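J.: Have a peek at data.pdb (PDB, C-alpha atoms and all ligand atoms).
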```pdb
ATOM      1  CA  MET A   1      15.842  -6.590 -10.211
ATOM      2  CA  ALA A   2      13.245  -5.054 -12.517
ATOM      3  CA  LEU A   3       9.968  -3.964 -10.901
ATOM      4  CA  VAL A   4       7.483  -6.813 -10.477
ATOM      5  CA  THR A   5       3.679  -6.749 -10.658
ATOM      6  CA  LEU A   6       1.264  -7.008  -7.746
ATOM      7  CA  LYS A   7       0.037 -10.323  -9.136
ATOM      8  CA  GLU A   8       3.569 -11.746  -9.015
ATOM      9  CA  ILE A   9       4.459 -10.356  -5.603
ATOM     10  CA  LEU A  10       1.268 -11.705  -3.981
ATOM     11  CA  ALA A  11       1.254 -15.065  -5.782
ATOM     12  CA  ASN A  12       2.364 -17.262  -2.848
ATOM     13  CA  THR A  13       1.002 -15.233   0.046
ATOM     14  CA  ARG A  14      -2.137 -17.175   0.862
ATOM     15  CA  LYS A  15      -0.549 -20.570   0.357
ATOM     16  CA  GLU A  16       2.459 -19.710   2.524
ATOM     17  CA  GLN A  17       0.572 -17.560   5.044
ATOM     18  CA  TYR A  18       2.433 -14.299   4.809
ATOM     19  CA  ALA A  19       1.420 -10.821   3.694
ATOM     20  CA  VAL A  20       3.509  -8.376   1.686
ATOM     21  CA  GLY A  21       3.747  -4.906   3.230
ATOM     22  CA  ALA A  22       2.506  -2.091   1.012
ATOM     23  CA  PHE A  23       4.186   0.972   2.416
ATOM     24  CA  ASN A  24       3.164   4.502   1.435
ATOM     25  CA  PHE A  25       6.029   6.827   0.574
ATOM     26  CA  SER A  26       6.149  10.593  -0.003
ATOM     27  CA  CYS A  27       9.631  11.226  -1.412
ATOM     28  CA  PRO A  28      12.835   9.400  -2.417
ATOM     29  CA  GLU A  29      14.146   9.239   1.146
ATOM     30  CA  ASP A  30      11.286   7.345   2.757
ATOM     31  CA  ALA A  31      11.014   5.105  -0.322
ATOM     32  CA  GLU A  32      14.686   4.266   0.144
ATOM     33  CA  GLY A  33      14.107   3.541   3.826
ATOM     34  CA  ILE A  34      11.388   1.052   2.830
ATOM     35  CA  VAL A  35      13.644  -0.639   0.267
ATOM     36  CA  MET A  36      16.483  -0.771   2.837
ATOM     37  CA  ALA A  37      14.149  -2.629   5.196
ATOM     38  CA  GLY A  38      13.190  -5.079   2.441
ATOM     39  CA  VAL A  39      16.857  -5.761   1.680
ATOM     40  CA  GLU A  40      17.713  -6.196   5.346
ATOM     41  CA  LYS A  41      14.830  -8.651   5.827
ATOM     42  CA  LYS A  42      15.184 -10.340   2.388
ATOM     43  CA  ALA A  43      11.513  -9.510   1.911
ATOM     44  CA  PRO A  44       9.447  -8.421  -1.098
ATOM     45  CA  VAL A  45       8.013  -4.905  -0.687
ATOM     46  CA  ILE A  46       5.294  -2.868  -2.348
ATOM     47  CA  LEU A  47       6.056   0.841  -2.632
ATOM     48  CA  GLN A  48       2.789   2.684  -2.930
ATOM     49  CA  VAL A  49       2.059   6.303  -3.623
ATOM     50  CA  SER A  50      -1.118   8.391  -3.312
ATOM     51  CA  MET A  51      -2.287  10.674  -6.120
ATOM     52  CA  ASN A  52      -1.164  13.678  -4.016
ATOM     53  CA  ALA A  53       2.311  12.280  -3.391
ATOM     54  CA  LEU A  54       2.561  11.446  -7.075
ATOM     55  CA  LYS A  55       1.878  15.058  -8.018
ATOM     56  CA  TYR A  56       4.382  16.249  -5.401
ATOM     57  CA  ASN A  57       7.141  14.122  -6.963
ATOM     58  CA  GLY A  58       6.215  14.365 -10.633
ATOM     59  CA  LEU A  59       5.250  11.144 -12.435
ATOM     60  CA  LYS A  60       8.306  10.648 -14.622
ATOM     61  CA  ALA A  61      10.787  11.574 -11.887
ATOM     62  CA  LEU A  62       9.104   9.215  -9.435
ATOM     63  CA  VAL A  63       9.032   6.254 -11.822
ATOM     64  CA  GLY A  64      12.676   6.951 -12.668
ATOM     65  CA  TYR A  65      13.945   6.924  -9.105
ATOM     66  CA  ILE A  66      11.838   3.953  -7.973
ATOM     67  CA  LYS A  67      12.908   1.895 -10.999
ATOM     68  CA  GLY A  68      16.510   2.803 -10.234
ATOM     69  CA  MET A  69      16.153   1.739  -6.601
ATOM     70  CA  ALA A  70      14.472  -1.558  -7.533
ATOM     71  CA  GLU A  71      17.119  -2.391 -10.112
ATOM     72  CA  SER A  72      19.896  -1.759  -7.575
ATOM     73  CA  VAL A  73      18.675  -4.423  -5.147
ATOM     74  CA  GLU A  74      17.920  -8.128  -5.281
ATOM     75  CA  ILE A  75      14.492  -8.213  -3.692
ATOM     76  CA  PRO A  76      11.177  -7.988  -5.581
ATOM     77  CA  VAL A  77       9.748  -4.451  -5.535
ATOM     78  CA  CYS A  78       6.324  -3.471  -6.897
ATOM     79  CA  LEU A  79       5.383   0.145  -7.676
ATOM     80  CA  HIS A  80       1.687   0.643  -6.900
ATOM     81  CA  LEU A  81      -0.662   3.613  -7.267
ATOM     82  CA  ASP A  82      -2.838   3.789  -4.139
ATOM     83  CA  HIS A  83      -6.545   4.813  -4.000
ATOM     84  CA  ALA A  84      -6.804   6.361  -7.430
ATOM     85  CA  THR A  85     -10.076   7.991  -8.426
ATOM     86  CA  ASP A  86      -8.724   9.856 -11.468
ATOM     87  CA  TYR A  87      -8.921   7.366 -14.334
ATOM     88  CA  ASP A  88      -6.797   9.437 -16.733
ATOM     89  CA  LEU A  89      -4.058   9.508 -14.132
ATOM     90  CA  ILE A  90      -4.330   5.738 -13.661
ATOM     91  CA  ARG A  91      -3.875   5.193 -17.401
ATOM     92  CA  GLU A  92      -0.891   7.548 -17.454
ATOM     93  CA  CYS A  93       0.731   5.628 -14.591
ATOM     94  CA  VAL A  94       0.128   2.345 -16.430
ATOM     95  CA  ARG A  95       1.827   3.723 -19.560
ATOM     96  CA  GLU A  96       4.725   5.283 -17.632
ATOM     97  CA  GLY A  97       5.899   2.131 -15.840
ATOM     98  CA  PHE A  98       3.866   1.511 -12.685
ATOM     99  CA  THR A  99       3.486  -2.232 -12.189
ATOM    100  CA  SER A 100       0.222  -1.988 -10.251
ATOM    101  CA  VAL A 101      -2.653   0.459  -9.754
ATOM    102  CA  MET A 102      -5.639   0.666  -7.432
ATOM    103  CA  VAL A 103      -8.885   1.873  -8.939
ATOM    104  CA  ASP A 104     -11.004   3.190  -6.087
ATOM    105  CA  ALA A 105     -14.642   3.314  -7.170
ATOM    106  CA  SER A 106     -15.768   2.101  -3.738
ATOM    107  CA  LYS A 107     -17.919   5.196  -3.148
ATOM    108  CA  LYS A 108     -19.990   4.345  -6.227
ATOM    109  CA  PRO A 109     -22.912   1.905  -6.365
ATOM    110  CA  TYR A 110     -21.981  -1.780  -6.801
ATOM    111  CA  GLU A 111     -22.741  -1.989 -10.550
ATOM    112  CA  GLU A 112     -20.736   1.169 -11.310
ATOM    113  CA  ASN A 113     -17.872  -0.046  -9.144
ATOM    114  CA  ILE A 114     -17.822  -3.244 -11.231
ATOM    115  CA  ALA A 115     -17.982  -1.383 -14.560
ATOM    116  CA  ASP A 116     -15.265   1.165 -13.652
ATOM    117  CA  SER A 117     -12.959  -1.434 -12.154
ATOM    118  CA  ARG A 118     -13.378  -3.738 -15.145
ATOM    119  CA  ALA A 119     -12.546  -0.922 -17.582
ATOM    120  CA  ILE A 120      -9.313  -0.200 -15.709
ATOM    121  CA  VAL A 121      -8.458  -3.913 -15.566
ATOM    122  CA  GLU A 122      -8.880  -4.230 -19.354
ATOM    123  CA  TYR A 123      -6.571  -1.272 -19.933
ATOM    124  CA  ALA A 124      -3.947  -2.153 -17.296
ATOM    125  CA  HIS A 125      -3.783  -5.846 -18.190
ATOM    126  CA  SER A 126      -3.115  -4.961 -21.832
ATOM    127  CA  TYR A 127       0.133  -3.395 -20.505
ATOM    128  CA  GLY A 128       0.843  -6.303 -18.117
ATOM    129  CA  VAL A 129       0.009  -4.112 -15.103
ATOM    130  CA  SER A 130      -1.941  -5.445 -12.087
ATOM    131  CA  VAL A 131      -5.073  -3.909 -10.569
ATOM    132  CA  GLU A 132      -6.500  -3.691  -7.053
ATOM    133  CA  ALA A 133     -10.080  -2.531  -6.427
ATOM    134  CA  GLU A 134     -12.170  -2.017  -3.291
ATOM    135  CA  LEU A 135     -15.538  -3.257  -2.043
ATOM    136  CA  GLY A 136     -16.959  -1.575   1.041
ATOM    137  CA  MET A 137     -15.609   1.689   2.424
ATOM    138  CA  LEU A 138     -13.042   2.458   5.126
ATOM    139  CA  GLY A 139     -13.551   5.496   7.346
ATOM    140  CA  GLY A 140     -10.819   8.097   7.903
ATOM    141  CA  ARG A 141      -8.506  10.064   5.636
ATOM    142  CA  GLU A 142      -5.981   8.714   3.157
ATOM    143  CA  GLU A 143      -4.550  11.790   1.411
ATOM    144  CA  ASN A 144      -7.202  12.670  -1.184
ATOM    145  CA  VAL A 145      -9.759  10.077  -0.027
ATOM    146  CA  VAL A 146     -11.867  11.170   2.946
ATOM    147  CA  VAL A 147     -14.738   9.066   4.297
ATOM    148  CA  ALA A 148     -16.754  10.145   7.360
ATOM    149  CA  ASP A 149     -17.008   7.365   9.962
ATOM    150  CA  ALA A 150     -20.790   7.370   9.532
ATOM    151  CA  SER A 151     -20.429   6.561   5.806
ATOM    152  CA  ALA A 152     -17.922   3.768   6.338
ATOM    153  CA  ALA A 153     -19.349   0.402   5.307
ATOM    154  CA  MET A 154     -17.908  -3.055   5.753
ATOM    155  CA  THR A 155     -17.563  -5.384   2.768
ATOM    156  CA  ASN A 156     -20.574  -7.630   2.228
ATOM    157  CA  PRO A 157     -19.126 -11.126   1.614
ATOM    158  CA  GLU A 158     -21.998 -11.979  -0.760
ATOM    159  CA  ASP A 159     -20.881  -9.155  -3.084
ATOM    160  CA  VAL A 160     -17.380 -10.545  -3.462
ATOM    161  CA  PRO A 161     -17.540 -13.508  -5.909
ATOM    162  CA  ARG A 162     -19.353 -11.644  -8.702
ATOM    163  CA  PHE A 163     -17.189  -8.551  -8.208
ATOM    164  CA  VAL A 164     -13.956 -10.532  -8.502
ATOM    165  CA  GLN A 165     -15.160 -12.569 -11.463
ATOM    166  CA  GLU A 166     -16.616  -9.735 -13.518
ATOM    167  CA  THR A 167     -13.812  -7.239 -12.912
ATOM    168  CA  GLY A 168     -10.873  -9.630 -13.324
ATOM    169  CA  ILE A 169      -8.913  -7.794 -10.586
ATOM    170  CA  ASP A 170      -5.653  -9.101  -9.134
ATOM    171  CA  ALA A 171      -6.315  -8.064  -5.523
ATOM    172  CA  LEU A 172      -9.351  -6.968  -3.522
ATOM    173  CA  ALA A 173      -9.331  -4.378  -0.737
ATOM    174  CA  VAL A 174     -11.868  -5.296   1.934
ATOM    175  CA  ALA A 175     -13.360  -3.232   4.740
ATOM    176  CA  ILE A 176     -13.399  -5.348   7.924
ATOM    177  CA  GLY A 177     -13.161  -2.685  10.632
ATOM    178  CA  THR A 178      -9.913  -0.798  10.042
ATOM    179  CA  ALA A 179      -9.740   2.918   9.130
ATOM    180  CA  HIS A 180      -7.163   5.202   7.539
ATOM    181  CA  GLY A 181      -5.008   7.391   9.803
ATOM    182  CA  PHE A 182      -4.499   7.230  13.577
ATOM    183  CA  TYR A 183      -7.197   5.553  15.675
ATOM    184  CA  LYS A 184      -8.823   7.158  18.688
ATOM    185  CA  ALA A 185      -9.365   3.678  20.161
ATOM    186  CA  ASP A 186      -8.072   0.243  19.091
ATOM    187  CA  PRO A 187      -9.913  -0.918  15.949
ATOM    188  CA  LYS A 188     -12.261  -3.897  16.222
ATOM    189  CA  LEU A 189     -11.622  -6.212  13.298
ATOM    190  CA  ASP A 190     -14.462  -8.416  12.082
ATOM    191  CA  PHE A 191     -12.663 -11.741  11.681
ATOM    192  CA  ILE A 192     -15.869 -13.640  11.008
ATOM    193  CA  ARG A 193     -16.511 -11.414   8.000
ATOM    194  CA  LEU A 194     -12.926 -11.955   6.838
ATOM    195  CA  GLU A 195     -13.324 -15.720   7.129
ATOM    196  CA  LYS A 196     -16.500 -15.639   5.026
ATOM    197  CA  ILE A 197     -14.818 -13.546   2.345
ATOM    198  CA  LEU A 198     -11.812 -15.881   2.262
ATOM    199  CA  GLN A 199     -14.112 -18.846   1.791
ATOM    200  CA  LEU A 200     -15.847 -17.163  -1.135
ATOM    201  CA  THR A 201     -12.826 -16.117  -3.199
ATOM    202  CA  ASP A 202      -9.258 -17.071  -4.083
ATOM    203  CA  CYS A 203      -8.446 -13.458  -4.987
ATOM    204  CA  PRO A 204      -5.628 -12.041  -2.812
ATOM    205  CA  LEU A 205      -7.122  -9.724  -0.159
ATOM    206  CA  VAL A 206      -5.821  -6.367   1.016
ATOM    207  CA  LEU A 207      -6.082  -4.834   4.480
ATOM    208  CA  HIS A 208      -6.052  -1.034   4.392
ATOM    209  CA  GLY A 209      -5.510   1.267   7.367
ATOM    210  CA  GLY A 210      -2.571  -0.589   8.934
ATOM    211  CA  THR A 211      -1.357   2.239  11.186
ATOM    212  CA  GLY A 212      -2.321   1.509  14.797
ATOM    213  CA  VAL A 213      -3.610  -2.025  14.189
ATOM    214  CA  PRO A 214      -2.413  -4.156  17.138
ATOM    215  CA  GLU A 215       0.283  -6.720  16.361
ATOM    216  CA  GLU A 216      -1.901  -9.701  17.311
ATOM    217  CA  ASP A 217      -4.611  -8.555  14.857
ATOM    218  CA  PHE A 218      -2.052  -8.318  12.037
ATOM    219  CA  ARG A 219      -0.815 -11.814  12.867
ATOM    220  CA  ARG A 220      -4.330 -13.231  12.928
ATOM    221  CA  CYS A 221      -5.214 -11.627   9.574
ATOM    222  CA  VAL A 222      -2.041 -13.019   7.994
ATOM    223  CA  GLN A 223      -2.563 -16.477   9.410
ATOM    224  CA  MET A 224      -6.137 -16.464   8.079
ATOM    225  CA  GLY A 225      -4.984 -15.511   4.560
ATOM    226  CA  MET A 226      -4.602 -11.728   4.163
ATOM    227  CA  SER A 227      -2.118 -11.074   1.314
ATOM    228  CA  LYS A 228      -1.273  -7.354   1.332
ATOM    229  CA  ILE A 229      -1.215  -4.934   4.250
ATOM    230  CA  ASN A 230      -1.303  -1.199   3.604
ATOM    231  CA  TYR A 231       0.628   0.938   6.022
ATOM    232  CA  GLY A 232       1.107   4.677   5.662
ATOM    233  CA  THR A 233       0.449   7.281   8.360
ATOM    234  CA  ALA A 234       2.950   5.878  10.863
ATOM    235  CA  ILE A 235       5.751   6.037   8.264
ATOM    236  CA  LYS A 236       5.149   9.745   7.738
ATOM    237  CA  SER A 237       5.219  10.276  11.510
ATOM    238  CA  VAL A 238       8.425   8.297  11.986
ATOM    239  CA  PHE A 239      10.083  10.230   9.153
ATOM    240  CA  VAL A 240       9.021  13.668  10.398
ATOM    241  CA  GLY A 241       9.847  12.782  13.996
ATOM    242  CA  ALA A 242      13.394  11.822  13.015
ATOM    243  CA  VAL A 243      14.165  15.058  11.185
ATOM    244  CA  ALA A 244      15.709  16.911  14.081
ATOM    245  CA  ALA A 245      14.915  20.620  14.443
ATOM    246  CA  VAL A 246      17.871  22.875  13.763
ATOM    247  CA  THR A 247      18.001  26.504  14.815
ATOM    248  CA  PRO A 248      19.105  29.221  12.329
ATOM    249  CA  ASP A 249      22.071  29.890  14.618
ATOM    250  CA  GLU A 250      23.196  26.245  14.485
ATOM    251  CA  ILE A 251      22.879  26.229  10.695
ATOM    252  CA  GLN A 252      25.283  29.167  10.542
ATOM    253  CA  LYS A 253      27.783  28.014  13.125
ATOM    254  CA  VAL A 254      27.866  24.229  13.460
ATOM    255  CA  PRO A 255      29.786  22.402  10.727
ATOM    256  CA  GLY A 256      27.591  19.873   8.920
ATOM    257  CA  LYS A 257      24.300  21.431  10.009
ATOM    258  CA  GLN A 258      23.866  23.053   6.581
ATOM    259  CA  ASP A 259      23.849  19.673   4.877
ATOM    260  CA  PRO A 260      20.325  18.286   4.157
ATOM    261  CA  ARG A 261      21.763  14.770   4.049
ATOM    262  CA  ASN A 262      22.611  14.983   7.758
ATOM    263  CA  LEU A 263      18.902  15.607   8.453
ATOM    264  CA  LEU A 264      17.478  13.122   5.992
ATOM    265  CA  LYS A 265      19.737  10.118   6.555
ATOM    266  CA  PRO A 266      18.594   9.492  10.154
ATOM    267  CA  ALA A 267      14.983   9.806   8.953
ATOM    268  CA  LYS A 268      15.620   7.226   6.235
ATOM    269  CA  ILE A 269      17.180   4.855   8.781
ATOM    270  CA  ALA A 270      14.276   5.387  11.218
ATOM    271  CA  VAL A 271      11.817   4.458   8.452
ATOM    272  CA  ALA A 272      13.862   1.339   7.606
ATOM    273  CA  LYS A 273      13.827   0.201  11.243
ATOM    274  CA  HIS A 274      10.083   0.768  11.658
ATOM    275  CA  VAL A 275       9.187  -0.904   8.354
ATOM    276  CA  GLY A 276      11.466  -3.850   9.163
ATOM    277  CA  GLU A 277       9.468  -4.502  12.340
ATOM    278  CA  LYS A 278       6.224  -4.607  10.305
ATOM    279  CA  ILE A 279       7.788  -6.967   7.732
ATOM    280  CA  ASP A 280       8.578  -9.409  10.566
ATOM    281  CA  ILE A 281       4.983  -9.205  11.837
ATOM    282  CA  TYR A 282       3.525  -9.710   8.342
ATOM    283  CA  GLY A 283       5.646 -12.854   7.997
ATOM    284  CA  SER A 284       7.357 -11.792   4.767
ATOM    285  CA  THR A 285      10.914 -11.892   6.170
ATOM    286  CA  GLY A 286      13.003 -14.203   3.966
ATOM    287  CA  LYS A 287      10.288 -14.402   1.283
ATOM    288  CA  ALA A 288      12.232 -12.548  -1.451
ATOM    289  CA  TRP A 289      12.971 -14.752  -4.433
TER     290      TRP A 289
HETATM  291  P1  LIG B 301      -2.774   4.075   7.223
HETATM  292  O1  LIG B 301      -2.305   5.422   6.798
HETATM  293  O2  LIG B 301      -3.880   4.139   8.236
HETATM  294  O3  LIG B 301      -1.658   3.191   7.667
HETATM  295  O4  LIG B 301      -3.433   3.392   5.936
HETATM  296  C1  LIG B 301      -2.679   3.252   4.781
HETATM  297  C2  LIG B 301      -3.525   2.771   3.670
HETATM  298  O5  LIG B 301      -4.458   2.013   3.841
HETATM  299  C3  LIG B 301      -3.188   3.229   2.310
HETATM  300  O6  LIG B 301      -4.071   2.789   1.358
END
```
Represent the structure contained in this file as structure tokens.
T.:
Amino acid sequence: MALVTLKEILANTRKEQYAVGAFNFSCPEDAEGIVMAGVEKKAPVILQVSMNALKYNGLKALVGYIKGMAESVEIPVCLHLDHATDYDLIRECVREGFTSVMVDASKKPYEENIADSRAIVEYAHSYGVSVEAELGMLGGREENVVVADASAAMTNPEDVPRFVQETGIDALAVAIGTAHGFYKADPKLDFIRLEKILQLTDCPLVLHGGTGVPEEDFRRCVQMGMSKINYGTAIKSVFVGAVAAVTPDEIQKVPGKQDPRNLLKPAKIAVAKHVGEKIDIYGSTGKAW
């Protein structure tokens, strides 16, 4: 089916207590692995791409292949730009066919974060494209966004209602104790903070930094009302780990070893299996419409 917006894909999440997985991809193969998992699980999926991965692929080529993949399957797929700080690039993605964008002005003071996010919302909504913004700051590294642990700041629940109302966003990323990338120790999620935020807004909430979050924490977040769960670093690792090393000698002598597809297909399947397990945990299995 045609790509759907973030607003549409998250519409029933809180009511029905499931979250939609937002999986970061780097190239057509891992994107296809993610879509394969969605099809297998009859689940909606969000394919999200960082600004760096977007440049690696080329904007038009990326939109072309993701649209093609979405239209070849019968599950809802949303194409989302993750953590974007370059506003020209956001506008280009909106015009070129993305169905959702994240404006990340979370490093800026509250008033500026509101003003920047609202400006992007006005632009994106005029094209029917959804917008996610962030309040608070996650530590760690997510491609082009790097935040030292000391600068990380959790979302202040009191800041949420005005932010949501004045920006008009479709989803809000909150900082409740997760971080981007691998953890050195298990993260400690602040569920009390999450509960307060949920009481103060109906806006769908987004958990960033999914890699390494224990299964029971995911389940608790989803049961409480988390709508979107971002998951990236582990997918890259699964993909790279599945691309078996081949020696120059083998490439010359063993039939089939020269064919990139024989390297990439197992990686695609490994991604599909890993993502499928997350879809089950997020409760979105069978939620495709
Ligand atoms: P991880 O890479 O830690 O899974 O985080 C992904 C993310 O939050 C993308 O925005």
J.: Set the cut-off to 6 Å, count all atoms listed in the file, and list whatever residues fall near ligand LIG 301 (chain B) as a list of chain:residue names.
T.: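 Counting only what the definition allows, namely all atoms listed in the file, the set is A:Asp82, A:His180, A:Gly181, A:His208, A:Gly209, A:Gly210, A:Thr211, A:Asn230, A:Tyr231, A:Gly232, A:Thr233.
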J.: Would you place a box with edges along x, y and z of the file around all atoms of segment 211-218 of chain A listed there, add 6 Å to each of its six sides, and report the centre and edge lengths in Å to one decimal, as AutoDock Vina command-line options?
T.:
```
--center_x -2.2 --center_y -3.7 --center_z 14.2 --size_x 16.9 --size_y 23.9 --size_z 18.1
```
J.: How many Å separate atom CA of Gln223 of chain A from atom CA of Gly21 of chain A?
T.: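 Computing it gives 14.6 Å between the two atoms.
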J.: Spell out the residues picked by the PyMOL selection byres (((chain A and resi 179) around 10) and not hetatm) here, as a PyMOL selection string.
T.: chain A and resi 137-142+147+149+152+175-178+180-183+187+207-213
J.: So what do you get for atom CA of Ala115 of chain A versus atom CA of Asn24 of chain A, distance-wise?
T.: 27.2 Å
J.: Mind telling me what the PyMOL selection byres (((chain A and resi 125-130) around 8) and not hetatm) catches here, as a list in words?
T.: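 When the PyMOL selection byres (((chain A and resi 125-130) around 8) and not hetatm) is applied, the selected residues are Thr5, Leu6, Lys7, Val94, Arg95, Phe98, Thr99, Ser100, Val101, Val121, Glu122, Tyr123, Ala124, Val131, Glu132, Ile169 and Asp170 of chain A.
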J.: Nearest residue to Leu59 of chain A out of A:Leu264, A:Leu81, A:Ala43, A:Val73, using only C-alpha atoms?
T.: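 Comparing A:Leu264, A:Leu81, A:Ala43, A:Val73 against Leu59 of chain A, the winner is A:Leu81.
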J.: Write out as a list in words which residues come within 6 Å of segment 9-19 of chain A when counting all atoms listed in the file, dropping same-chain ones fewer than 4 positions away.
T.: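 In the requested format, the answer is Val222, Gln223, Gly225, Ser227, Lys228, Tyr282, Gly283 and Ser284 of chain A.
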J.: I'd like the interatomic distance between atom CA of Glu111 of chain A and atom CA of Pro204 of chain A, to a tenth of an Å.
T.: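 So the answer is 21.3 Å.
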J.: Using the chain letters and numbers from this file, what does the PyMOL selection byres (((chain A and resi 246) around 12) and not hetatm) select? Give the answer as a list in words.
T.: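 When the PyMOL selection byres (((chain A and resi 246) around 12) and not hetatm) is applied to the shown file, the picked residues are Ala242, Val243, Ala244, Ala245, Thr247, Pro248, Asp249, Glu250, Ile251, Gln252, Lys253, Val254, Gly256, Lys257, Gln258, Asp259, Pro260, Asn262 and Leu263 of chain A.
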J.: With all atoms listed in the file counted, which protein, DNA or RNA residues have an atom no more than 8 Å from (16.4, -4.9, 8.6) in the file frame? Please answer as a PyMOL selection string.
T.: chain A and resi 36-41+272-273+276-277
J.: Please, could you write that set of residues out with C-alpha atoms as a JSON list (two decimals), keeping the file's coordinate frame?
T.:
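What landed in again.json:
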```
[["chain", "number", "residue", "atom", "x", "y", "z"],
["A", 36, "MET", "CA", 16.48, -0.77, 2.84],
["A", 37, "ALA", "CA", 14.15, -2.63, 5.20],
["A", 38, "GLY", "CA", 13.19, -5.08, 2.44],
["A", 39, "VAL", "CA", 16.86, -5.76, 1.68],
["A", 40, "GLU", "CA", 17.71, -6.20, 5.35],
["A", 41, "LYS", "CA", 14.83, -8.65, 5.83],
["A", 272, "ALA", "CA", 13.86, 1.34, 7.61],
["A", 273, "LYS", "CA", 13.83, 0.20, 11.24],
["A", 276, "GLY", "CA", 11.47, -3.85, 9.16],
["A", 277, "GLU", "CA", 9.47, -4.50, 12.34]]
```
J.: For a quick check of understanding, using all atoms listed in the file, which of A:Ala270, A:Ile34, A:Ile235, A:Ile281 has the smallest distance to Pro214 of chain A?
T.: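 Answer, going by the shortest atom-to-atom distance: A:Ile281.
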J.: With all atoms listed in the file as the atoms that count, which of A:Pro109, A:Gly64, A:Gly168, A:Pro157 lies nearest to Glu195 of chain A?
T.: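 Going through A:Pro109, A:Gly64, A:Gly168, A:Pro157 one by one, the smallest distance to Glu195 of chain A is for A:Pro157.
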